[in-house]
>>> print(open('target_5.cif').read())   # mmCIF, C-alpha atoms
data_input
loop_
_atom_site.label_atom_id
_atom_site.label_comp_id
_atom_site.auth_asym_id
_atom_site.auth_seq_id
_atom_site.Cartn_x
_atom_site.Cartn_y
_atom_site.Cartn_z
CA MET A 1 0.00 0.00 0.00
CA SER A 2 1.17 3.50 -0.79
CA LEU A 3 -0.77 6.63 0.22
CA HIS A 4 -0.13 10.20 -0.87
CA CYS A 5 -1.07 13.48 0.81
CA ASP A 6 0.07 17.05 1.26
CA VAL A 7 0.80 16.73 5.01
CA ALA A 8 1.12 13.59 7.12
CA ILE A 9 0.51 14.12 10.84
CA ILE A 10 1.80 11.46 13.20
CA GLY A 11 -0.24 11.45 16.40
CA GLY A 12 -4.02 11.69 16.74
CA GLY A 13 -4.34 13.54 20.04
CA ILE A 14 -5.45 17.13 20.56
CA MET A 15 -2.36 18.59 18.85
CA GLY A 16 -2.54 16.38 15.77
CA ALA A 17 -6.29 16.97 15.42
CA SER A 18 -5.94 20.74 15.88
CA ILE A 19 -3.14 21.01 13.32
CA SER A 20 -5.16 19.02 10.80
CA TYR A 21 -8.16 21.30 11.36
CA TYR A 22 -6.25 24.55 10.83
CA LEU A 23 -4.33 23.21 7.82
CA SER A 24 -7.69 22.43 6.20
CA LYS A 25 -8.96 25.93 7.01
CA MET A 26 -5.87 27.39 5.33
CA GLY A 27 -6.46 25.49 2.11
CA VAL A 28 -4.31 22.37 2.39
CA ASP A 29 -6.00 19.84 0.11
CA LYS A 30 -5.32 16.59 1.95
CA THR A 31 -3.92 15.62 5.33
CA LEU A 32 -3.49 12.17 6.79
CA VAL A 33 -3.64 11.80 10.59
CA CYS A 34 -1.88 8.61 11.68
CA GLU A 35 -2.65 7.23 15.13
CA GLN A 36 -1.02 4.08 16.47
CA GLY A 37 -3.97 3.33 18.75
CA ARG A 38 -7.56 4.50 18.55
CA PHE A 39 -8.42 8.18 18.35
CA PRO A 40 -7.81 10.35 20.34
CA GLY A 41 -4.58 8.47 20.92
CA LEU A 42 -2.63 6.69 23.60
CA GLY A 43 -0.87 9.72 25.04
CA ALA A 44 -1.70 12.70 27.21
CA THR A 45 -4.98 13.73 25.53
CA SER A 46 -6.90 10.65 26.59
CA LYS A 47 -5.86 11.15 30.23
CA SER A 48 -5.93 14.96 30.45
CA GLY A 49 -7.91 16.77 33.11
CA GLY A 50 -8.88 19.32 30.46
CA PHE A 51 -8.36 22.52 32.48
CA ILE A 52 -9.11 25.72 30.54
CA ARG A 53 -7.39 28.66 32.24
CA THR A 54 -5.19 31.58 31.33
CA TYR A 55 -2.88 32.30 34.27
CA HIS A 56 0.54 30.70 34.09
CA THR A 57 3.87 31.61 35.63
CA ASP A 58 5.45 31.36 32.15
CA ASN A 59 4.50 34.22 29.83
CA TRP A 60 4.59 32.09 26.70
CA TYR A 61 1.98 29.69 28.06
CA THR A 62 -0.11 32.63 29.25
CA GLU A 63 -0.13 34.29 25.82
CA LEU A 64 -1.22 31.13 24.03
CA ALA A 65 -3.75 30.22 26.72
CA VAL A 66 -5.35 33.67 26.37
CA GLU A 67 -5.45 33.23 22.59
CA SER A 68 -7.00 29.76 22.89
CA PHE A 69 -9.54 30.66 25.57
CA GLU A 70 -12.15 32.19 23.26
CA THR A 71 -11.99 29.12 21.02
CA PHE A 72 -12.91 26.81 23.88
CA ARG A 73 -15.52 29.17 25.29
CA ASN A 74 -17.20 29.65 21.88
CA TRP A 75 -16.36 26.28 20.37
CA LYS A 76 -19.67 25.67 18.61
CA ASP A 77 -19.50 28.97 16.73
CA ILE A 78 -15.77 28.87 15.94
CA ILE A 79 -15.02 25.17 15.37
CA GLY A 80 -18.41 23.47 15.29
CA GLY A 81 -19.61 20.59 17.39
CA ASP A 82 -18.99 20.37 21.12
CA CYS A 83 -15.80 20.43 23.20
CA GLY A 84 -17.62 19.91 26.51
CA PHE A 85 -16.61 23.27 27.97
CA GLU A 86 -17.97 23.85 31.48
CA LYS A 87 -17.61 27.22 33.19
CA THR A 88 -16.94 26.19 36.77
CA GLY A 89 -14.63 29.04 37.66
CA PHE A 90 -10.95 28.31 38.23
CA SER A 91 -8.72 29.00 41.21
CA TYR A 92 -4.93 28.72 41.31
CA ILE A 93 -3.50 28.43 44.81
CA SER A 94 0.20 29.05 45.39
CA ASN A 95 2.56 30.59 47.90
CA THR A 96 5.02 31.61 45.18
CA HIS A 97 3.02 34.08 43.05
CA THR A 98 5.53 36.91 42.68
CA ASP A 99 4.81 40.56 41.98
CA GLU A 100 6.86 40.24 38.80
CA ASN A 101 4.80 37.26 37.55
CA ILE A 102 1.57 39.07 38.34
CA LYS A 103 2.71 42.24 36.59
CA LYS A 104 3.73 40.35 33.44
CA PHE A 105 0.49 38.38 33.43
CA LYS A 106 -1.63 41.52 33.76
CA SER A 107 0.16 43.10 30.80
CA ILE A 108 -0.89 40.10 28.68
CA ALA A 109 -4.37 39.56 30.10
CA GLN A 110 -5.46 43.18 29.79
CA LYS A 111 -5.40 42.76 26.00
CA SER A 112 -8.35 40.38 26.36
CA SER A 113 -11.73 40.53 28.07
CA ILE A 114 -11.05 37.51 30.29
CA PRO A 115 -11.59 38.41 33.96
CA VAL A 116 -8.75 37.36 36.27
CA TYR A 117 -8.44 38.44 39.89
CA PHE A 118 -5.53 38.26 42.31
CA MET A 119 -7.55 37.91 45.48
CA GLN A 120 -6.96 38.47 49.15
CA GLN A 121 -7.86 35.51 51.33
CA GLU A 122 -10.85 37.25 52.91
CA ASP A 123 -12.28 38.01 49.46
CA PHE A 124 -11.69 34.48 48.27
CA ASN A 125 -13.45 33.13 51.34
CA ASN A 126 -16.58 34.90 50.14
CA VAL A 127 -16.34 33.04 46.82
CA GLN A 128 -15.26 29.57 48.01
CA PRO A 129 -15.86 29.55 51.80
CA PHE A 130 -15.46 25.77 52.13
CA TYR A 131 -11.84 25.81 50.88
CA LYS A 132 -9.38 25.70 53.78
CA LEU A 133 -6.53 28.05 53.03
CA SER A 134 -3.16 28.26 54.77
CA PRO A 135 -1.82 31.61 56.01
CA ASN A 136 0.68 32.15 53.17
CA ASP A 137 -1.57 31.06 50.30
CA LYS A 138 -2.06 33.44 47.40
CA ILE A 139 -4.99 33.11 45.04
CA VAL A 140 -5.57 33.73 41.34
CA HIS A 141 -9.28 33.45 40.50
CA GLU A 142 -10.76 33.19 36.99
CA PRO A 143 -14.57 33.18 37.21
CA GLU A 144 -15.10 32.49 33.47
CA SER A 145 -12.67 29.56 33.26
CA GLY A 146 -13.23 25.87 33.89
CA TYR A 147 -12.59 22.73 31.88
CA ALA A 148 -13.37 21.03 28.58
CA ASP A 149 -13.59 17.39 27.55
CA PRO A 150 -10.39 16.39 25.69
CA LEU A 151 -12.08 13.45 23.98
CA LYS A 152 -15.00 15.57 22.72
CA ALA A 153 -12.68 18.38 21.63
CA THR A 154 -10.40 16.06 19.65
CA SER A 155 -13.31 14.23 18.02
CA SER A 156 -14.98 17.53 17.13
CA LEU A 157 -11.85 18.87 15.45
CA LEU A 158 -11.41 15.69 13.41
CA ASN A 159 -15.08 15.64 12.41
CA GLN A 160 -15.06 19.29 11.37
CA THR A 161 -11.92 18.96 9.24
CA GLN A 162 -12.44 18.73 5.50
CA ASN A 163 -10.17 16.73 3.19
CA ASN A 164 -8.46 14.79 5.96
CA GLU A 165 -8.24 11.06 6.40
CA LEU A 166 -7.92 9.35 9.76
CA LEU A 167 -5.76 6.25 9.85
CA GLU A 168 -6.16 4.15 13.00
CA GLY A 169 -3.77 1.46 14.22
CA ILE A 170 -0.89 2.88 12.18
CA LYS A 171 2.56 2.32 13.60
CA VAL A 172 5.20 4.46 11.91
CA ILE A 173 8.37 2.42 11.72
CA ASN A 174 10.90 4.67 10.03
CA PHE A 175 11.53 7.43 7.53
CA GLU A 176 12.55 7.02 3.92
CA THR A 177 15.00 9.68 2.74
CA THR A 178 16.01 10.82 -0.73
CA ASN A 179 18.59 13.52 -1.52
CA GLY A 180 18.62 14.91 2.02
CA ARG A 181 14.83 15.10 2.45
CA VAL A 182 12.27 12.77 3.92
CA SER A 183 10.41 11.19 1.01
CA GLY A 184 8.11 8.87 2.94
CA ILE A 185 7.26 7.09 6.16
CA GLU A 186 7.18 3.33 6.36
CA THR A 187 4.31 2.00 8.47
CA ASN A 188 2.94 -1.36 9.48
CA VAL A 189 0.49 -1.18 6.55
CA GLY A 190 2.63 0.42 3.86
CA THR A 191 4.29 3.66 2.80
CA ILE A 192 2.88 7.17 3.18
CA ARG A 193 4.34 9.95 1.06
CA ALA A 194 3.77 13.64 1.74
CA ASP A 195 5.24 17.06 1.14
CA ALA A 196 5.59 17.62 4.90
CA TYR A 197 5.58 15.43 8.01
CA ILE A 198 4.47 16.69 11.43
CA LEU A 199 5.52 14.71 14.50
CA ALA A 200 2.85 15.26 17.16
CA ASN A 201 3.52 11.88 18.72
CA SER A 202 4.63 12.91 22.20
CA VAL A 203 7.08 10.56 23.89
CA TRP A 204 7.49 8.42 20.78
CA ILE A 205 9.17 11.13 18.71
CA ASN A 206 12.75 9.94 19.23
CA GLU A 207 11.92 6.50 17.86
CA LEU A 208 11.61 8.26 14.50
CA LEU A 209 14.17 11.02 14.90
CA CYS A 210 16.90 8.46 15.52
CA GLU A 211 16.42 7.44 11.88
CA LEU A 212 17.41 11.01 11.00
CA LYS A 213 20.37 10.87 13.38
CA PHE A 214 18.77 13.42 15.69
CA LYS A 215 17.18 13.40 19.13
CA VAL A 216 15.32 15.84 21.38
CA PRO A 217 15.76 15.63 25.17
CA ILE A 218 12.26 14.76 26.30
CA LYS A 219 11.33 12.57 29.23
CA ARG A 220 8.18 10.71 30.11
CA LYS A 221 6.32 11.47 33.30
CA SER A 222 3.34 9.52 34.56
CA ILE A 223 0.06 11.37 35.03
CA GLY A 224 -2.37 9.82 37.48
CA VAL A 225 -6.04 10.79 37.77
CA GLY A 226 -8.68 9.51 40.16
CA PHE A 227 -12.44 9.90 40.40
CA MET A 228 -14.48 10.09 43.58
CA SER A 229 -18.09 10.70 44.53
CA PHE A 230 -19.15 12.57 47.64
CA ASN A 231 -22.23 13.36 49.70
CA THR A 232 -24.15 16.19 48.01
CA ILE A 233 -25.73 17.29 51.28
CA GLU A 234 -22.34 18.08 52.83
CA SER A 235 -20.72 19.50 49.70
CA PRO A 236 -20.91 22.90 47.98
CA SER A 237 -22.79 23.37 44.73
CA ASN A 238 -20.35 25.91 43.26
CA LEU A 239 -17.03 24.09 43.46
CA ASN A 240 -14.37 25.64 41.22
CA SER A 241 -11.76 23.79 39.23
CA TYR A 242 -8.45 24.07 41.10
CA ILE A 243 -4.73 23.79 40.76
CA ASP A 244 -3.12 23.88 44.20
CA ASP A 245 0.64 24.18 43.84
CA THR A 246 1.19 24.28 47.59
CA LEU A 247 0.00 20.66 47.83
CA ASP A 248 1.08 19.65 44.31
CA THR A 249 -2.44 18.62 43.32
CA TYR A 250 -5.38 19.60 41.15
CA PHE A 251 -9.05 18.71 40.90
CA ARG A 252 -12.29 19.71 39.25
CA PRO A 253 -15.95 18.73 39.35
CA THR A 254 -17.16 16.36 36.66
CA LYS A 255 -20.87 15.77 36.99
CA GLY A 256 -23.25 15.96 39.90
CA ASN A 257 -21.41 14.87 43.00
CA GLU A 258 -18.26 13.55 41.32
CA LEU A 259 -14.73 14.92 41.32
CA LEU A 260 -11.66 14.34 39.14
CA PHE A 261 -8.40 14.73 41.05
CA GLY A 262 -4.69 14.38 40.45
CA VAL A 263 -2.92 11.36 41.91
CA LYS A 264 0.72 11.68 42.85
CA ILE A 265 2.58 8.62 41.57
CA ASP A 266 5.20 7.20 43.96
CA ASN A 267 8.80 7.35 42.75
CA ASN A 268 7.65 9.15 39.63
CA THR A 269 11.01 10.42 38.48
CA MET A 270 11.12 11.54 34.87
CA THR A 271 12.82 8.87 32.83
CA SER A 272 13.96 8.50 29.27
CA VAL A 273 11.26 7.12 27.02
CA GLN A 274 11.01 3.35 26.83
CA ASN A 275 8.35 1.10 25.42
CA GLN A 276 6.73 -0.44 28.45
CA GLU A 277 3.30 -0.95 29.90
CA PHE A 278 2.22 1.29 32.76
CA PRO A 279 0.86 -0.34 35.93
CA PHE A 280 -2.39 0.62 37.55
CA ILE A 281 -2.51 3.34 40.17
CA THR A 282 -2.09 1.74 43.59
CA LYS A 283 -4.49 2.00 46.49
CA LYS A 284 -1.78 3.67 48.55
CA GLU A 285 -1.28 6.37 45.91
CA LEU A 286 -5.02 7.03 45.75
CA ILE A 287 -5.48 7.24 49.52
CA ASN A 288 -2.46 9.53 49.94
CA SER A 289 -3.76 11.86 47.23
CA LYS A 290 -7.27 11.85 48.68
CA ASN A 291 -5.91 12.69 52.15
CA ILE A 292 -4.06 15.67 50.70
CA LEU A 293 -7.31 16.95 49.21
CA CYS A 294 -9.12 16.51 52.51
CA GLU A 295 -6.78 19.11 54.03
CA ARG A 296 -8.44 21.63 51.72
CA LEU A 297 -11.89 20.09 51.38
CA PRO A 298 -12.88 18.32 54.61
CA PHE A 299 -16.23 17.23 53.15
CA LEU A 300 -14.30 14.69 51.00
CA LYS A 301 -13.39 12.62 54.05
CA ASN A 302 -16.10 10.06 53.35
CA ALA A 303 -15.92 10.30 49.56
CA ILE A 304 -15.77 7.04 47.61
CA ILE A 305 -13.07 6.48 44.98
CA LYS A 306 -14.72 5.17 41.83
CA GLY A 307 -12.04 4.91 39.16
CA THR A 308 -8.62 5.90 37.86
CA ARG A 309 -6.67 6.80 34.75
CA LEU A 310 -2.92 6.44 34.37
CA GLY A 311 -1.20 8.08 31.45
CA PHE A 312 1.87 10.12 30.66
CA ASP A 313 3.13 13.16 28.83
CA SER A 314 6.44 14.34 27.41
CA TYR A 315 8.42 16.78 29.56
CA THR A 316 11.38 19.01 28.79
CA ASP A 317 14.13 20.40 30.99
CA ASP A 318 13.18 24.05 30.49
CA GLY A 319 9.39 23.57 30.57
CA LEU A 320 8.85 24.57 26.94
CA PRO A 321 7.87 22.29 24.05
CA PHE A 322 9.83 21.60 20.89
CA ILE A 323 8.01 23.17 17.94
CA GLY A 324 9.38 23.73 14.46
CA GLU A 325 11.52 22.23 11.75
CA VAL A 326 13.83 19.43 12.76
CA PRO A 327 17.35 20.78 12.09
CA GLY A 328 18.69 19.46 8.80
CA TRP A 329 15.28 18.26 7.57
CA ASP A 330 13.17 21.07 6.19
CA ASN A 331 10.03 18.99 5.62
CA VAL A 332 9.91 17.37 9.08
CA TYR A 333 8.22 19.34 11.85
CA SER A 334 8.15 18.71 15.60
CA CYS A 335 5.27 19.43 18.01
CA VAL A 336 5.99 17.65 21.30
CA GLY A 337 7.01 18.23 24.93
CA PHE A 338 4.12 20.20 26.43
CA ASN A 339 4.85 19.26 30.04
CA GLY A 340 1.26 18.37 30.88
CA GLY A 341 -0.06 21.74 29.66
CA GLY A 342 -0.78 21.28 25.96
CA PHE A 343 -4.55 20.93 25.94
CA LYS A 344 -5.44 24.48 26.96
CA ILE A 345 -3.14 26.03 24.33
CA ALA A 346 -3.74 23.58 21.47
CA PRO A 347 -5.81 25.95 19.26
CA ALA A 348 -3.20 28.72 19.36
CA VAL A 349 -0.26 26.34 18.86
CA ALA A 350 -1.93 24.52 15.97
CA HIS A 351 -2.98 27.76 14.28
CA GLY A 352 0.62 28.95 14.43
CA ILE A 353 1.99 25.69 13.07
CA ALA A 354 -0.52 25.70 10.20
CA LEU A 355 0.57 29.24 9.31
CA GLU A 356 4.22 28.17 9.27
CA ILE A 357 3.53 25.11 7.13
CA THR A 358 1.36 26.89 4.57
CA ASN A 359 3.40 30.11 4.36
CA LYS A 360 6.74 28.29 4.59
CA ARG A 361 8.18 30.76 7.08
CA PRO A 362 8.38 30.90 10.89
CA ILE A 363 6.14 33.09 13.03
CA SER A 364 7.37 34.89 16.10
CA LYS A 365 4.91 33.55 18.68
CA LEU A 366 6.52 30.10 18.44
CA ASP A 367 10.14 31.28 18.55
CA ASN A 368 10.66 30.41 22.23
CA CYS A 369 10.07 26.75 21.44
CA ARG A 370 12.45 26.12 18.57
CA ILE A 371 14.64 23.04 18.70
CA GLU A 372 17.61 25.30 17.92
CA ARG A 373 17.63 26.47 21.54
CA LEU A 374 19.36 23.16 22.30
CA PHE A 375 22.45 24.58 20.66
CA SER A 376 22.46 27.70 22.86
CA SER A 377 24.42 27.87 26.09
CA VAL A 378 21.31 29.42 27.69
CA PHE A 379 19.40 26.10 27.57
#
>>> encode(input="target_5.cif", output="structure tokens")
Amino acid sequence: MSLHCDVAIIGGGIMGASISYYLSKMGVDKTLVCEQGRFPGLGATSKSGGFIRTYHTDNWYTELAVESFETFRNWKDIIGGDCGFEKTGFSYISNTHTDENIKKFKSIAQKSSIPVYFMQQEDFNNVQPFYKLSPNDKIVHEPESGYADPLKATSSLLNQTQNNELLEGIKVINFETTNGRVSGIETNVGTIRADAYILANSVWINELLCELKFKVPIKRKSIGVGFMSFNTIESPSNLNSYIDDTLDTYFRPTKGNELLFGVKIDNNTMTSVQNQEFPFITKKELINSKNILCERLPFLKNAIIKGTRLGFDSYTDDGLPFIGEVPGWDNVYSCVGFNGGGFKIAPAVAHGIALEITNKRPISKLDNCRIERLFSSVF
């Protein structure tokens, strides 16, 4: 079998789906999205908590989150279909919010209409009185933010994309090269030939880059998620979505009296990528994570754990992804290493990548993430 297309995208998660969508909008005739499992993939998308927020301690993430926010909030009108966005409100708890971070964030956020408040504890207690703060906690509150459903969002993007073909169960084995360019990818079902190849395949990217005698320094980190149900009589009806850096946890409501929460995986040091099966989350890990949450939300003491997810994402040493041409190969493009934060910025990232592919020139908003920074002493 031999297939031909304008752009072949390897990886069918939120990034691959978003890139395919925007390429179609910009007039690319045919894209192929290759996924080694079932859509929306085996990587971070299928396990993501789906937080939609704008505040971030890194300005680059903030800028792209602000740009992406309106897409998620008005998904039906902009993309079509449903991304499952729920406006729960979002609160970010930390004891390290600095005046400099806040100042930089405000300079970015004021360009949009998204309300974000840096709240005093007494003011926050009026909004979320059931949340038990510590004396040094600082709060960022986003009343219009919340979460979206990564599975719905990815499916919606793929369904709304014209002139794309979704290939499921496709394992890319290696590249074919001719005269210093990639001329095809060999898969378990045959060869795919394209003008450009986009690697949105997370932790698996180096399996292919090694064929080009190149490698990016990404590591795999496990991401654990649990689900619990709680007594509706004892619980609040207006629970925000939260990231609590002071306790290294996060959680959000799902439906009714259920909660999704982060599970800290024991001995979860970031390791080089290997092909291996992940174990289930242990009872000890779940109980420890639940107990941490109970420090903040005492009404969860008698909550019942009802399920888990265990996945992973690709992480980088400097916290920024690798986006752009692979050095030495002008028709191979990288889009990996989002450090657990790719979902909320996927529309802005994919729009930028589609512009670069179709216009054949880089755009400035992605400059911080070029692979070339590996060759700088600053990295």
>>> residues_around(input="target_5.cif", residues="range 49-58 of chain A", least_positions_apart="2", cutoff="6 Å", atoms="only C-alpha atoms", output="compact mmCIF listing (two decimals) with C-alpha atoms, in the frame of the given file")
# COMPACT_ATOMS: atom_id res chain seq x y z
CA TRP A 60 4.59 32.09 26.70
CA TYR A 61 1.98 29.69 28.06
CA THR A 62 -0.11 32.63 29.25
CA ALA A 65 -3.75 30.22 26.72
CA VAL A 66 -5.35 33.67 26.37
CA SER A 145 -12.67 29.56 33.26
CA GLY A 146 -13.23 25.87 33.89
CA TYR A 147 -12.59 22.73 31.88
CA ALA A 148 -13.37 21.03 28.58
CA ASP A 149 -13.59 17.39 27.55
CA PRO A 150 -10.39 16.39 25.69
CA LYS A 344 -5.44 24.48 26.96
>>> residues_near_point(input="target_5.cif", point="(-8.0, 5.8, 40.0)", cutoff="10 Å", atoms="only C-alpha atoms", output="PyMOL selection string")
chain A and resi 224-228+260-263+280-283+285-287+305-310
>>> closest_residue(input="target_5.cif", among="A:Leu239, A:Ile173, A:Leu300, A:Ile198", to="Glu211 in chain A", atoms="all atoms listed in the file")
A:Ile173
>>> resolve_selection(input="target_5.cif", expression="the PyMOL selection byres ((chain A and resi 312) around 6)", output="PDB file with C-alpha atoms, in the frame of the given file")
ATOM      1  CA  ALA A  44      -1.700  12.700  27.210  1.00  0.00           C
ATOM      2  CA  LYS A 221       6.320  11.470  33.300  1.00  0.00           C
ATOM      3  CA  SER A 222       3.340   9.520  34.560  1.00  0.00           C
ATOM      4  CA  ILE A 223       0.060  11.370  35.030  1.00  0.00           C
ATOM      5  CA  GLY A 311      -1.200   8.080  31.450  1.00  0.00           C
ATOM      6  CA  ASP A 313       3.130  13.160  28.830  1.00  0.00           C
TER       7      ASP A 313
END
>>> resolve_selection(input="target_5.cif", expression="the PyMOL selection byres ((chain A and resi 329-340) around 9)", output="ChimeraX atom specification")
/A:15-16,44,48,180-182,195-203,205,212,218-219,221,223,312-316,319-328,341-343,349,353,357,371
>>> closest_atom_pairs(input="target_5.cif", of="range 101-189 of chain A", to="range 206-210 of chain A", cutoff="9 Å", atoms="all atoms listed in the file", output="tab-separated table")
residue	atom	partner	partner_atom	distance
A:Val172	CA	A:Leu208	CA	7.9
A:Ile173	CA	A:Leu208	CA	7.2
A:Asn174	CA	A:Leu208	CA	5.8
A:Phe175	CA	A:Leu208	CA	7.0
>>> resolve_selection(input="target_5.cif", expression="the PyMOL selection byres ((chain A and resi 169) around 12)", output="list in words")
Ile10, Gly11, Gly12, Val33, Cys34, Glu35, Gln36, Gly37, Arg38, Phe39, Pro40, Gly41, Leu42, Leu166, Leu167, Glu168, Ile170, Lys171, Val172, Thr187, Asn188 and Val189 of chain A
>>> atom_distance(input="target_5.cif", atom1="CA of Asp123 in chain A", atom2="CA of Lys106 in chain A")
19.3 Å
>>> atom_distance(input="target_5.cif", atom1="CA of Val116 in chain A", atom2="CA of Ile14 in chain A")
25.8 Å
>>> closest_residue(input="target_5.cif", among="A:Asp6, A:Glu86, A:Asp318, A:Asp367", to="Arg73 in chain A", atoms="all atoms listed in the file")
A:Glu86
>>> closest_atom_pairs(input="target_5.cif", of="range 168-273 of chain A", to="range 129-140 of chain A", cutoff="12 Å", atoms="only C-alpha atoms", output="JSON lines")
{"residue": "A:Glu234", "atom": "CA", "partner": "A:Phe130", "partner_atom": "CA", "distance": 10.3}
{"residue": "A:Ser235", "atom": "CA", "partner": "A:Phe130", "partner_atom": "CA", "distance": 8.5}
{"residue": "A:Pro236", "atom": "CA", "partner": "A:Phe130", "partner_atom": "CA", "distance": 7.4}
{"residue": "A:Ser237", "atom": "CA", "partner": "A:Phe130", "partner_atom": "CA", "distance": 10.7}
{"residue": "A:Asn238", "atom": "CA", "partner": "A:Phe130", "partner_atom": "CA", "distance": 10.1}
{"residue": "A:Leu239", "atom": "CA", "partner": "A:Phe130", "partner_atom": "CA", "distance": 9.0}
{"residue": "A:Asn240", "atom": "CA", "partner": "A:Tyr131", "partner_atom": "CA", "distance": 10.0}
{"residue": "A:Ser241", "atom": "CA", "partner": "A:Tyr131", "partner_atom": "CA", "distance": 11.8}
{"residue": "A:Tyr242", "atom": "CA", "partner": "A:Val140", "partner_atom": "CA", "distance": 10.1}
{"residue": "A:Ile243", "atom": "CA", "partner": "A:Val140", "partner_atom": "CA", "distance": 10.0}
{"residue": "A:Asp244", "atom": "CA", "partner": "A:Ile139", "partner_atom": "CA", "distance": 9.5}
{"residue": "A:Asp245", "atom": "CA", "partner": "A:Asp137", "partner_atom": "CA", "distance": 9.7}
{"residue": "A:Thr246", "atom": "CA", "partner": "A:Asp137", "partner_atom": "CA", "distance": 7.8}
{"residue": "A:Leu247", "atom": "CA", "partner": "A:Ser134", "partner_atom": "CA", "distance": 10.8}
>>> residues_near_point(input="target_5.cif", point="(-10.0, 31.1, 41.7)", cutoff="6 Å", atoms="all atoms listed in the file", output="mmCIF file with C-alpha atoms, in the coordinates of the input")
data_model
loop_
_atom_site.group_PDB
_atom_site.id
_atom_site.type_symbol
_atom_site.label_atom_id
_atom_site.label_comp_id
_atom_site.auth_asym_id
_atom_site.auth_seq_id
_atom_site.Cartn_x
_atom_site.Cartn_y
_atom_site.Cartn_z
ATOM 1 C CA PHE A 90 -10.950 28.310 38.230
ATOM 2 C CA SER A 91 -8.720 29.000 41.210
ATOM 3 C CA TYR A 92 -4.930 28.720 41.310
ATOM 4 C CA VAL A 140 -5.570 33.730 41.340
ATOM 5 C CA HIS A 141 -9.280 33.450 40.500
ATOM 6 C CA GLU A 142 -10.760 33.190 36.990
#
>>> atom_distance(input="target_5.cif", atom1="CA of Ala194 in chain A", atom2="CA of Asp29 in chain A")
11.7 Å
>>> closest_residue(input="target_5.cif", among="A:Lys111, A:Arg373, A:Lys264, A:Arg193", to="Thr177 in chain A", atoms="all atoms listed in the file")
A:Arg193
>>> closest_residue(input="target_5.cif", among="A:Lys255, A:Pro143, A:Gly190, A:Leu374", to="Pro115 in chain A", atoms="all atoms listed in the file")
A:Pro143
>>> closest_residue(input="target_5.cif", among="A:Asn291, A:Ser46, A:Gln160, A:Gln121", to="Tyr22 in chain A", atoms="only C-alpha atoms")
A:Gln160
>>> closest_residue(input="target_5.cif", among="A:Ser20, A:Gly352, A:Asp317, A:Ile304", to="Glu67 in chain A", atoms="all atoms listed in the file")
A:Gly352
>>> axis_aligned_box(input="target_5.cif", around="range 79-89 of chain A", padding_each_side="5 Å", output="JSON")
{"center_x": -17.1, "center_y": 24.5, "center_z": 26.5, "size_x": 15.0, "size_y": 19.1, "size_z": 32.4}
